[in-house]
Amino acid sequence: MVKLTDIIKVYLAGDVPVPALRGINLQIEEGEFLAIMGHSGSGKSTLLNILGCLDKPSGGTYDLDGLTVSDLDEEQLAVIRNQKIGFVFQSFNLLRRLPAVEQVELPLLYRKVPNRRRLAVQALTELGLADRLAHRPPQLSGGEQQRVAIARCLVTSPSLILADEPTGALDTATGHDIMRIFQRLNEERAITVVLVTHEREIADYAHRVVRLQDGRIVGDERNSSPNRPPVAGGPSLGGDGEDSRA
Amino acid sequence: MSIIDTIRSAFAALSANKLRSSLTMLGIIIGVSAVITLMAVGQGSQKGVTESIRGLGSNLLFIRPGQSQASNVQAAVYGGQALTLVDEDAYAVNDPEKFPYVEGVAPQIDFEGALIAGAENTRTTIIGTTPDYPYVRDFYVANGQFISDNDVTRKGLVAVLGHRVAETLFGDKNPLGKSVRLAVGPGGMITFNFRIIGVMEPKGATATGDEDDLMFIPLPTMQARIPFLRHPQGLSNVFQITVKVRDRDDFDQAEKEIAALLRERHNVDEDDFVILSQSDVATLKAAETEISQTLWAAMAAIAGISLVVGGIGIMNIMLVSVTERIREIGIRKAVGATRADILTQFLIEALMVTMAGGLIGVVLGVALSTFADGRTILEQSVRAEVSALAVILAFSVSAAIGLFFGIYPAFNASRLNPIEALRHE
Ligand SMILES: Nc1ncnc2c1ncn2[C@@H]1O[C@H](COP(=O)(O)OP(=O)(O)O)[C@@H](O)[C@H]1O
Ligand SMILES: [Mg+2]
């Protein structure tokens, strides 16, 4: 469970303080699928980075699964990121040199678990990339790269997946494939998913939509009829193979 | 991240940039191989001195002509050498009644000459000496026999060849009983035929030269047959008298009493001779090899400079590498790498470069030392011996350089803010 209380974030642009978040109060229950919407510069990424323990708030408290992470130091935050959080980025953020399977092993390396290779292959297989294990990012389409990135957060069985405009670099069809993957992870594994987007259609997959404006929450509504997959029975996690190259 | 995984990923990162990694290693390679070679030469020459002194035989005193000008008898000079010693001096020292601690005395004259046997010829040192020589110098005949008392009395034209001389002139054939022609004097105009009666055992180089490149003939033969060596007063000069003393403890007494005898015989107030003990010879020999200290210092400077330059090169490349890989660092941090993980990663990369450089440097240094050992380089005969200590030292130094110059870039990398790193293009 995520609980943000009076979260403030102020950046310094030179000497000028730039307030990016001006008092965020937000509670996210386990298993929720939440979308954060807002105009560019409204503070979406800043909020997501704080949720993901990549950044520390300038004020306020952040409780994650009963732990006050706003009190932790950088080394402890690294451990939290590794154990509890999976991040998906707009630009995929894969390491250019590594084959897909090693990308997925990366968080496990820092966690020092055995069976890394087996777990990574399993995660990639679940995402329909069983025949792309040895491919490096330049040899993969955008959709495939994003699926490798999702496999990378899936492999650690995180309690929280955070995605910052994950479909922003993909064409519409591939974007929807990716969204269906998030939806299934949320439904089948009860993983909490927090998604940043400025596209209504993408936000429609979520159960709850939070709106940000100038660093404040200006809307918080439930979506009683989330987007459903168009095909009855739905595609597998690996998509339907109609992945068009980005 | 476990150390094995860190090493594996460092290896992958370094091999992604092979040329750069190898160029970075170069300074360390040069530095380490120089250190290894340097220490090998240092060790080798020291060992060479010790060995060559031991090779002379044991418990020896060397009497040589001195430089005194105050002698009553004006000393003649031959080949830059004062001629103040005569064979009678040697026979006088060899008096068991007077000097009970003297075990043997070998006077000698030596000069350069050409030897001819059949179609073969060589230049070598001819030593005229007496039958005591093998015992005194602990250097024996391997085949045949040494000069006998009879040869001395007869002033016989007999010769004993050094090991290498025998090989050069006769190859595999047995030289015993064969004859060798000695040519001396200007243009080799005076020649004598010697009958070969023995061949010495192989011995190698000692403090007094290459003991395999010699020919021995009876001292009186030399004095009688080679006219320009005759003493102006009709005496028979020698260049050196080697005295074998029973025990080390007798050295002081022997030196004193023999000096007194020679002073009396020469009728001089100031010594016209010098008596050197084996340790004096060692000191002289060590001083001689000290000439190479300049060379040593130059090489040490090269080694030191290339190690430092190599270290700076590594720091430079690691800084570049960190800058190039800011995004990678961000990604690693996002998936849970701690500062310590990132620090270790870059430190291991720097260490692997320097240690690989160190390893190649050691191999190169050992090869270089092995090549140089026993060769004459810049008119200096080189002995080189690689010690385990040198290898360990050189290797540790290269690791230390990796740590020292790698820590700053690695620290920079570890402190990067994950968000800024991820945003970096
Ligand atoms: N590192 C930074 N330094 C200074 N200002 C920043 C920094 N990061 C973000 N900002 C500012 O904070 C505000 C919120 O940014 P961000 O969270 O990236 O918005 P969004 O993701 O909604 O587009 C913007 O005004 C942006 O200019
Ligand atoms: Mg943003």
# chains A, B, ... in the order shown; residues from 1 in each chain; ligands from 1
>>> residues_around(residues="region 182-191 of chain A", least_positions_apart="2", cutoff="12 Å", atoms="only C-alpha atoms", output="PyMOL selection string")
chain A and resi 1+28-35+84-86+88+123+126-127+146-147+150-151+153-154+156-163+166-167+175-180+193-195+202-207+226-229+233-239
>>> select_by_dssp(residues="region 36-179 of chain B", states="strand (DSSP E or B)", output="ChimeraX atom specification")
/B:60-65,76-78,81-83,86,102-117,120-129,141-144,158-161,179
>>> residues_near_ligand(ligand="ligand 1", cutoff="8 Å", atoms="only C-alpha atoms and all ligand atoms", output="count of residues only")
24
>>> residues_around(residues="Phe251 (chain B)", least_positions_apart="5", cutoff="8 Å", atoms="only C-alpha atoms", output="list in words")
Asn59, Leu61, Val245 and Ser277 of chain B
>>> closest_residue(among="B:Gly113, B:Gly118, B:Pro218, B:Gly402", to="Met189 (chain B)", atoms="only C-alpha atoms")
B:Gly113
>>> interface_residues(of="chain A", to="chain B", cutoff="9 Å", atoms="only C-alpha atoms", output="JSON, numbers by chain")
{"A": [49, 52, 53, 54, 55, 74, 75, 76, 77, 78, 79, 80, 81, 82, 83, 85, 86, 87, 93, 94, 95, 96, 97, 106, 107, 108, 109, 110, 111, 112, 152, 153]}
>>> write_last_selection(atoms="N, CA and C atoms", output="short mmCIF file (atom, residue, chain, number, x, y, z; two decimals), in the first residue's frame")
data_model
loop_
_atom_site.label_atom_id
_atom_site.label_comp_id
_atom_site.auth_asym_id
_atom_site.auth_seq_id
_atom_site.Cartn_x
_atom_site.Cartn_y
_atom_site.Cartn_z
N ASN A 49 8.61 9.37 -9.99
CA ASN A 49 9.98 9.11 -9.54
C ASN A 49 10.05 9.01 -8.02
N GLY A 52 8.67 5.77 -7.09
CA GLY A 52 9.61 4.70 -7.44
C GLY A 52 10.90 4.75 -6.65
N CYS A 53 10.99 5.66 -5.67
CA CYS A 53 12.18 5.79 -4.83
C CYS A 53 13.41 6.16 -5.64
N LEU A 54 13.22 6.71 -6.83
CA LEU A 54 14.36 7.19 -7.61
C LEU A 54 14.73 8.59 -7.14
N ASP A 55 13.78 9.26 -6.50
CA ASP A 55 14.00 10.63 -6.06
C ASP A 55 13.40 10.77 -4.67
N GLU A 74 20.05 6.87 0.49
CA GLU A 74 20.11 6.44 -0.90
C GLU A 74 20.37 4.95 -1.08
N GLU A 75 21.25 4.40 -0.24
CA GLU A 75 21.55 2.98 -0.36
C GLU A 75 20.33 2.13 -0.03
N GLN A 76 19.57 2.57 0.99
CA GLN A 76 18.37 1.81 1.37
C GLN A 76 17.30 1.92 0.28
N LEU A 77 17.22 3.10 -0.35
CA LEU A 77 16.26 3.27 -1.44
C LEU A 77 16.59 2.34 -2.60
N ALA A 78 17.91 2.16 -2.86
CA ALA A 78 18.31 1.27 -3.94
C ALA A 78 17.78 -0.14 -3.68
N VAL A 79 17.85 -0.54 -2.43
CA VAL A 79 17.37 -1.88 -2.07
C VAL A 79 15.86 -1.96 -2.26
N ILE A 80 15.12 -0.90 -1.86
CA ILE A 80 13.66 -0.88 -2.05
C ILE A 80 13.32 -0.98 -3.54
N ARG A 81 14.02 -0.20 -4.35
CA ARG A 81 13.77 -0.25 -5.80
C ARG A 81 13.95 -1.66 -6.31
N ASN A 82 14.99 -2.29 -5.80
CA ASN A 82 15.31 -3.63 -6.28
C ASN A 82 14.27 -4.66 -5.83
N GLN A 83 13.78 -4.52 -4.61
CA GLN A 83 12.92 -5.55 -4.02
C GLN A 83 11.44 -5.36 -4.36
N ILE A 85 9.93 -2.59 -6.47
CA ILE A 85 9.45 -1.70 -7.53
C ILE A 85 9.97 -2.11 -8.89
N GLY A 86 9.08 -2.03 -9.86
CA GLY A 86 9.50 -2.23 -11.25
C GLY A 86 9.19 -0.96 -12.02
N PHE A 87 10.17 -0.51 -12.80
CA PHE A 87 10.00 0.73 -13.55
C PHE A 87 9.94 0.45 -15.05
N ASN A 93 14.82 2.31 -21.82
CA ASN A 93 15.99 2.25 -20.94
C ASN A 93 16.56 0.85 -20.78
N LEU A 94 16.89 0.27 -21.92
CA LEU A 94 17.62 -1.00 -21.90
C LEU A 94 19.11 -0.69 -22.12
N LEU A 95 19.97 -1.62 -21.69
CA LEU A 95 21.41 -1.44 -21.94
C LEU A 95 21.71 -1.91 -23.37
N ARG A 96 22.34 -1.04 -24.14
CA ARG A 96 22.48 -1.30 -25.56
C ARG A 96 23.25 -2.59 -25.86
N ARG A 97 24.23 -2.93 -25.01
CA ARG A 97 25.12 -4.04 -25.31
C ARG A 97 24.52 -5.41 -25.03
N LEU A 106 19.34 -8.46 -14.95
CA LEU A 106 20.04 -7.37 -14.26
C LEU A 106 19.55 -7.11 -12.83
N PRO A 107 18.23 -6.92 -12.60
CA PRO A 107 17.81 -6.67 -11.21
C PRO A 107 18.13 -7.84 -10.29
N LEU A 108 18.14 -9.06 -10.86
CA LEU A 108 18.44 -10.23 -10.03
C LEU A 108 19.92 -10.27 -9.65
N LEU A 109 20.76 -9.73 -10.53
CA LEU A 109 22.18 -9.64 -10.22
C LEU A 109 22.39 -8.84 -8.95
N TYR A 110 21.66 -7.70 -8.87
CA TYR A 110 21.84 -6.85 -7.70
C TYR A 110 21.14 -7.43 -6.48
N ARG A 111 20.30 -8.42 -6.72
CA ARG A 111 19.61 -9.04 -5.60
C ARG A 111 20.33 -10.31 -5.18
N LYS A 112 21.31 -10.71 -5.98
CA LYS A 112 22.12 -11.89 -5.68
C LYS A 112 21.28 -13.15 -5.49
N ARG A 152 11.78 -7.25 -17.36
CA ARG A 152 12.81 -6.88 -16.40
C ARG A 152 12.20 -6.49 -15.06
N CYS A 153 11.00 -5.81 -15.08
CA CYS A 153 10.43 -5.53 -13.76
C CYS A 153 9.63 -6.71 -13.22
#
>>> atom_distance(atom1="CA of His266 (chain B)", atom2="CA of Val243 (chain B)")
18.4 Å
>>> residues_around(residues="Ala356 (chain B)", least_positions_apart="3", cutoff="9 Å", atoms="only C-alpha atoms", output="PDB file with N, CA and C atoms, in the first residue's frame")
ATOM      1  N   MET B  25      46.231  -0.179 -21.534  1.00  0.00           N
ATOM      2  CA  MET B  25      47.133  -1.089 -20.831  1.00  0.00           C
ATOM      3  C   MET B  25      48.599  -0.812 -21.124  1.00  0.00           C
ATOM      4  N   ILE B  28      51.062   0.512 -18.566  1.00  0.00           N
ATOM      5  CA  ILE B  28      51.294  -0.449 -17.486  1.00  0.00           C
ATOM      6  C   ILE B  28      52.189  -1.584 -17.983  1.00  0.00           C
ATOM      7  N   ILE B  29      51.931  -2.034 -19.215  1.00  0.00           N
ATOM      8  CA  ILE B  29      52.738  -3.127 -19.769  1.00  0.00           C
ATOM      9  C   ILE B  29      54.210  -2.726 -19.805  1.00  0.00           C
ATOM     10  N   LEU B 351      40.791  -2.059 -12.363  1.00  0.00           N
ATOM     11  CA  LEU B 351      41.703  -3.078 -11.848  1.00  0.00           C
ATOM     12  C   LEU B 351      42.008  -4.132 -12.899  1.00  0.00           C
ATOM     13  N   MET B 352      40.969  -4.522 -13.647  1.00  0.00           N
ATOM     14  CA  MET B 352      41.189  -5.553 -14.655  1.00  0.00           C
ATOM     15  C   MET B 352      42.111  -5.057 -15.756  1.00  0.00           C
ATOM     16  N   VAL B 353      41.960  -3.787 -16.120  1.00  0.00           N
ATOM     17  CA  VAL B 353      42.857  -3.232 -17.139  1.00  0.00           C
ATOM     18  C   VAL B 353      44.292  -3.248 -16.621  1.00  0.00           C
ATOM     19  N   LEU B 359      49.953  -8.428 -16.012  1.00  0.00           N
ATOM     20  CA  LEU B 359      50.221  -9.812 -16.399  1.00  0.00           C
ATOM     21  C   LEU B 359      51.037  -9.871 -17.694  1.00  0.00           C
ATOM     22  N   ILE B 360      50.595  -9.096 -18.691  1.00  0.00           N
ATOM     23  CA  ILE B 360      51.316  -9.065 -19.955  1.00  0.00           C
ATOM     24  C   ILE B 360      52.721  -8.503 -19.725  1.00  0.00           C
ATOM     25  N   GLY B 361      52.794  -7.473 -18.870  1.00  0.00           N
ATOM     26  CA  GLY B 361      54.092  -6.873 -18.542  1.00  0.00           C
ATOM     27  C   GLY B 361      55.027  -7.893 -17.907  1.00  0.00           C
ATOM     28  N   SER B 398      50.846  -2.973 -10.144  1.00  0.00           N
ATOM     29  CA  SER B 398      49.851  -2.680 -11.182  1.00  0.00           C
ATOM     30  C   SER B 398      48.438  -2.687 -10.600  1.00  0.00           C
TER      31      SER B 398
END
>>> residues_around(residues="Ala100 (chain A)", least_positions_apart="6", cutoff="12 Å", atoms="only C-alpha atoms", output="PyMOL selection string")
chain A and resi 94+106+117+120-121+123-125+127+129-140+144-152
>>> atom_distance(atom1="CA of Met200 (chain B)", atom2="CA of Val165 (chain B)")
9.7 Å
>>> closest_residue(among="A:Asp164, A:Asp171, A:Glu102, A:Asp220", to="ligand 2", atoms="only C-alpha atoms and all ligand atoms")
A:Asp164
>>> residues_around(residues="region 183-186 of chain B", least_positions_apart="3", cutoff="12 Å", atoms="only C-alpha atoms", output="list in words")
Phe111, Glu112, Gly113, Ala114, Leu115, Ile116, Ala117, Asn121, Thr122, Arg123, Thr124, Thr125, Ile126, Val180, Met189, Ile190, Thr191, Phe192, Asn193, Phe194, Met222, Arg225, Ile226, Pro227, Phe228 and Leu229 of chain B
>>> write_last_selection(atoms="N, CA, C and O atoms", output="JSON list (two decimals), in the first residue's frame")
[["chain", "number", "residue", "atom", "x", "y", "z"],
["B", 111, "PHE", "N", 99.01, -13.16, -21.40],
["B", 111, "PHE", "CA", 99.00, -12.23, -22.53],
["B", 111, "PHE", "C", 98.13, -12.81, -23.63],
["B", 111, "PHE", "O", 97.76, -13.98, -23.60],
["B", 112, "GLU", "N", 97.82, -11.99, -24.59],
["B", 112, "GLU", "CA", 96.96, -12.40, -25.69],
["B", 112, "GLU", "C", 97.80, -13.04, -26.79],
["B", 112, "GLU", "O", 98.92, -12.58, -27.07],
["B", 113, "GLY", "N", 97.29, -14.05, -27.41],
["B", 113, "GLY", "CA", 98.00, -14.65, -28.53],
["B", 113, "GLY", "C", 97.05, -15.32, -29.48],
["B", 113, "GLY", "O", 95.89, -15.55, -29.14],
["B", 114, "ALA", "N", 97.55, -15.63, -30.68],
["B", 114, "ALA", "CA", 96.71, -16.33, -31.65],
["B", 114, "ALA", "C", 97.11, -17.79, -31.66],
["B", 114, "ALA", "O", 98.29, -18.13, -31.60],
["B", 115, "LEU", "N", 96.10, -18.68, -31.72],
["B", 115, "LEU", "CA", 96.36, -20.11, -31.78],
["B", 115, "LEU", "C", 95.89, -20.63, -33.12],
["B", 115, "LEU", "O", 94.83, -20.26, -33.61],
["B", 116, "ILE", "N", 96.70, -21.49, -33.70],
["B", 116, "ILE", "CA", 96.33, -22.06, -34.99],
["B", 116, "ILE", "C", 96.47, -23.58, -34.88],
["B", 116, "ILE", "O", 97.47, -24.09, -34.39],
["B", 117, "ALA", "N", 95.42, -24.28, -35.32],
["B", 117, "ALA", "CA", 95.49, -25.74, -35.37],
["B", 117, "ALA", "C", 94.79, -26.16, -36.65],
["B", 117, "ALA", "O", 93.59, -25.98, -36.77],
["B", 121, "ASN", "N", 91.58, -21.28, -36.25],
["B", 121, "ASN", "CA", 92.41, -20.41, -35.41],
["B", 121, "ASN", "C", 91.51, -19.59, -34.50],
["B", 121, "ASN", "O", 90.33, -19.41, -34.73],
["B", 122, "THR", "N", 92.12, -19.09, -33.43],
["B", 122, "THR", "CA", 91.36, -18.29, -32.45],
["B", 122, "THR", "C", 92.33, -17.42, -31.67],
["B", 122, "THR", "O", 93.53, -17.71, -31.63],
["B", 123, "ARG", "N", 91.82, -16.33, -31.10],
["B", 123, "ARG", "CA", 92.64, -15.54, -30.19],
["B", 123, "ARG", "C", 92.23, -15.88, -28.78],
["B", 123, "ARG", "O", 91.06, -16.06, -28.49],
["B", 124, "THR", "N", 93.22, -15.95, -27.91],
["B", 124, "THR", "CA", 92.87, -16.31, -26.54],
["B", 124, "THR", "C", 93.93, -15.78, -25.58],
["B", 124, "THR", "O", 94.91, -15.18, -25.98],
["B", 125, "THR", "N", 93.68, -15.98, -24.30],
["B", 125, "THR", "CA", 94.64, -15.57, -23.29],
["B", 125, "THR", "C", 95.55, -16.76, -22.97],
["B", 125, "THR", "O", 95.08, -17.86, -22.71],
["B", 126, "ILE", "N", 96.83, -16.50, -23.04],
["B", 126, "ILE", "CA", 97.81, -17.55, -22.72],
["B", 126, "ILE", "C", 98.29, -17.29, -21.29],
["B", 126, "ILE", "O", 98.69, -16.17, -20.97],
["B", 180, "VAL", "N", 99.52, -27.41, -31.44],
["B", 180, "VAL", "CA", 98.88, -26.14, -31.69],
["B", 180, "VAL", "C", 99.97, -25.09, -31.85],
["B", 180, "VAL", "O", 100.99, -25.12, -31.15],
["B", 189, "MET", "N", 104.61, -12.59, -35.63],
["B", 189, "MET", "CA", 105.81, -13.02, -36.33],
["B", 189, "MET", "C", 106.60, -14.11, -35.62],
["B", 189, "MET", "O", 107.37, -14.82, -36.24],
["B", 190, "ILE", "N", 106.38, -14.24, -34.29],
["B", 190, "ILE", "CA", 107.09, -15.30, -33.59],
["B", 190, "ILE", "C", 106.11, -16.44, -33.36],
["B", 190, "ILE", "O", 105.03, -16.23, -32.82],
["B", 191, "THR", "N", 106.45, -17.63, -33.80],
["B", 191, "THR", "CA", 105.52, -18.75, -33.61],
["B", 191, "THR", "C", 106.23, -19.92, -32.94],
["B", 191, "THR", "O", 107.44, -20.11, -33.08],
["B", 192, "PHE", "N", 105.44, -20.64, -32.15],
["B", 192, "PHE", "CA", 105.94, -21.83, -31.47],
["B", 192, "PHE", "C", 104.93, -22.94, -31.64],
["B", 192, "PHE", "O", 103.73, -22.68, -31.65],
["B", 193, "ASN", "N", 105.39, -24.15, -31.70],
["B", 193, "ASN", "CA", 104.48, -25.29, -31.72],
["B", 193, "ASN", "C", 104.43, -25.92, -30.34],
["B", 193, "ASN", "O", 105.46, -26.24, -29.76],
["B", 194, "PHE", "N", 103.22, -26.05, -29.81],
["B", 194, "PHE", "CA", 103.04, -26.69, -28.51],
["B", 194, "PHE", "C", 102.33, -28.01, -28.70],
["B", 194, "PHE", "O", 101.44, -28.14, -29.54],
["B", 222, "MET", "N", 107.44, -19.90, -20.97],
["B", 222, "MET", "CA", 107.03, -18.59, -21.44],
["B", 222, "MET", "C", 108.15, -17.58, -21.23],
["B", 222, "MET", "O", 108.49, -16.80, -22.12],
["B", 225, "ARG", "N", 111.04, -18.39, -23.72],
["B", 225, "ARG", "CA", 110.84, -18.38, -25.17],
["B", 225, "ARG", "C", 110.34, -17.05, -25.70],
["B", 225, "ARG", "O", 110.47, -16.79, -26.89],
["B", 226, "ILE", "N", 109.70, -16.30, -24.81],
["B", 226, "ILE", "CA", 109.07, -15.09, -25.34],
["B", 226, "ILE", "C", 109.89, -13.89, -24.90],
["B", 226, "ILE", "O", 109.78, -13.42, -23.77],
["B", 227, "PRO", "N", 110.72, -13.42, -25.78],
["B", 227, "PRO", "CA", 111.81, -12.52, -25.40],
["B", 227, "PRO", "C", 111.34, -11.19, -24.79],
["B", 227, "PRO", "O", 111.93, -10.73, -23.83],
["B", 228, "PHE", "N", 110.29, -10.64, -25.33],
["B", 228, "PHE", "CA", 109.94, -9.30, -24.85],
["B", 228, "PHE", "C", 109.35, -9.32, -23.45],
["B", 228, "PHE", "O", 109.05, -8.30, -22.88],
["B", 229, "LEU", "N", 109.16, -10.48, -22.88],
["B", 229, "LEU", "CA", 108.67, -10.53, -21.51],
["B", 229, "LEU", "C", 109.82, -10.59, -20.51],
["B", 229, "LEU", "O", 109.60, -10.67, -19.33]]
